[in-house]
Amino acid sequence: MTRTNEEVRQRAAQKRRDSSRQRPKHSSGKRRRNSSEMEQMATLERESSPRRKSRKARRAQLQPGIRKIQVLRYIFCGLILVYVGFTFLFAGGSTKTFDEVAESIEIAVEADHLERLDSRELKRLYGLNSADYDGAIVYASTSGMSAEEVLLIKVKFPDQMSEVEDAVQAYLENRRRDFEEYALEQARLVTDRAYCIRGDFLFVAVSKHAEQYRSVFLKSL
């Protein structure tokens, strides 16, 4: 019995010794694994660091180009807004009546001694009937040797503008050809005429002061 107990104690002691030997080995292996993982992480960190620097460098290089693109985009949008504004300003119509616009034109042309013609002259010269439109007036020089002339028409309907344009262009071309035969200076006035369409209004000025008349017309709208 005593021997058996002694054997049991010896076996327990042997197990403790064996166990104590195994623990350090296990701990050492774990430490080795942890050290290996840390080395791998350090290696990955070293490898990824140049990549991050490279990406930052590329972003830094691209940044000025991106700013230029943004600036150009703002400039382009601004130009579009300016274009739209000018389109509405110069191609749009007017809330003014025909008489209001005609009054401004009349004051300007009378100072240059142009005479207002009646509706029969509009029909004879241009082949247009004044009753078909909201208003139509023609001013011309009293001299047969002068090509100076001012025309203002306001159509009632948008589709009338094309027929008015055709009639006016045909008349002006005939005038230019007539004056080329004996008065080249007057023919040049016809060629350099002021010609405007704004909304329902058509305006033509054949004169040395054509641009001045154009300005009066535009300001009167």
# chains A, B, ... in the order shown; residues from 1 in each chain; ligands from 1

$ residues_around --residues "Val190 (chain A)" --least-positions-apart "5" --cutoff "12 Å" --atoms "only C-alpha atoms" --output "PyMOL selection string"
chain A and resi 146-150+168-169+171-180+183-185+195+204-208+210

$ atom_distance --atom1 "CA of Ser143 (chain A)" --atom2 "CA of Leu202 (chain A)"
24.6 Å

$ closest_residue --among "A:Ala170, A:Arg59, A:Ser162, A:Ile153" --to "Ile105 (chain A)" --atoms "only C-alpha atoms"
A:Ile153

$ residues_around --residues "Leu152 (chain A)" --least-positions-apart "5" --cutoff "8 Å" --atoms "only C-alpha atoms" --output "ChimeraX atom specification"
/A:102,135-138,201-204

$ select_by_dssp --residues "region 46-214 of chain A" --states "alpha helix (DSSP H)" --output "MDAnalysis selection string"
chainID A and resid 46:91 98:110 119:126 161:180 184:191 210:214

$ residues_around --residues "region 114-125 of chain A" --least-positions-apart "6" --cutoff "7 Å" --atoms "only C-alpha atoms" --output "PyMOL selection string"
chain A and resi 138-142

$ write_last_selection --atoms "C-alpha atoms" --output "PDB file, in the first residue's frame"
ATOM      1  CA  VAL A 138     -40.947 105.217 -94.447  1.00  0.00           C
ATOM      2  CA  TYR A 139     -38.686 108.283 -94.402  1.00  0.00           C
ATOM      3  CA  ALA A 140     -36.715 109.276 -97.499  1.00  0.00           C
ATOM      4  CA  SER A 141     -34.563 112.087 -98.769  1.00  0.00           C
ATOM      5  CA  THR A 142     -36.275 114.791-100.791  1.00  0.00           C
TER       6      THR A 142
END

$ atom_distance --atom1 "CA of Glu106 (chain A)" --atom2 "CA of Glu163 (chain A)"
24.9 Å

$ closest_residue --among "A:Asp134, A:Asp112, A:Asp99, A:Glu211" --to "Pro158 (chain A)" --atoms "only C-alpha atoms"
A:Asp134

$ select_by_dssp --residues "region 51-202 of chain A" --states "strand (DSSP E or B)" --output "PyMOL selection string"
chain A and resi 114-117+135-141+149-154+194-198+201-202

$ residues_around --residues "Val101 (chain A)" --least-positions-apart "2" --cutoff "10 Å" --atoms "only C-alpha atoms" --output "list in words"
Ser94, Lys96, Thr97, Phe98, Asp99, Glu103, Ser104, Ile105, Glu106, Leu152, Lys154, Phe201, Val216, Phe217, Leu218, Lys219, Ser220 and Leu221 of chain A

$ decode --residues "region 56-70 of chain A" --atoms "N, CA and C atoms" --output "compact mmCIF listing (two decimals), in the first residue's frame"
# COMPACT_ATOMS: atom_id res chain seq x y z
N LYS A 56 0.00 60.17 -52.98
CA LYS A 56 -0.08 61.57 -52.57
C LYS A 56 0.63 62.47 -53.57
N ALA A 57 1.78 61.98 -54.07
CA ALA A 57 2.50 62.78 -55.06
C ALA A 57 1.68 62.95 -56.33
N ARG A 58 1.04 61.87 -56.77
CA ARG A 58 0.21 61.96 -57.99
C ARG A 58 -0.95 62.93 -57.77
N ARG A 59 -1.58 62.85 -56.58
CA ARG A 59 -2.68 63.79 -56.29
C ARG A 59 -2.18 65.22 -56.29
N ALA A 60 -0.97 65.43 -55.73
CA ALA A 60 -0.41 66.78 -55.70
C ALA A 60 -0.14 67.29 -57.11
N GLN A 61 0.30 66.38 -58.00
CA GLN A 61 0.56 66.78 -59.38
C GLN A 61 -0.72 67.09 -60.13
N LEU A 62 -1.78 66.34 -59.83
CA LEU A 62 -3.05 66.53 -60.54
C LEU A 62 -3.84 67.73 -60.02
N GLN A 63 -3.54 68.18 -58.80
CA GLN A 63 -4.35 69.23 -58.18
C GLN A 63 -4.39 70.51 -58.99
N PRO A 64 -3.24 71.03 -59.51
CA PRO A 64 -3.32 72.26 -60.33
C PRO A 64 -4.19 72.09 -61.56
N GLY A 65 -4.08 70.90 -62.20
CA GLY A 65 -4.91 70.66 -63.39
C GLY A 65 -6.38 70.64 -63.05
N ILE A 66 -6.72 70.04 -61.90
CA ILE A 66 -8.12 70.00 -61.47
C ILE A 66 -8.64 71.41 -61.22
N ARG A 67 -7.80 72.24 -60.59
CA ARG A 67 -8.21 73.63 -60.33
C ARG A 67 -8.44 74.38 -61.63
N LYS A 68 -7.56 74.17 -62.62
CA LYS A 68 -7.74 74.83 -63.91
C LYS A 68 -9.04 74.41 -64.58
N ILE A 69 -9.34 73.12 -64.50
CA ILE A 69 -10.58 72.62 -65.10
C ILE A 69 -11.79 73.27 -64.42
N GLN A 70 -11.74 73.39 -63.09
CA GLN A 70 -12.84 74.02 -62.37
C GLN A 70 -12.99 75.48 -62.75
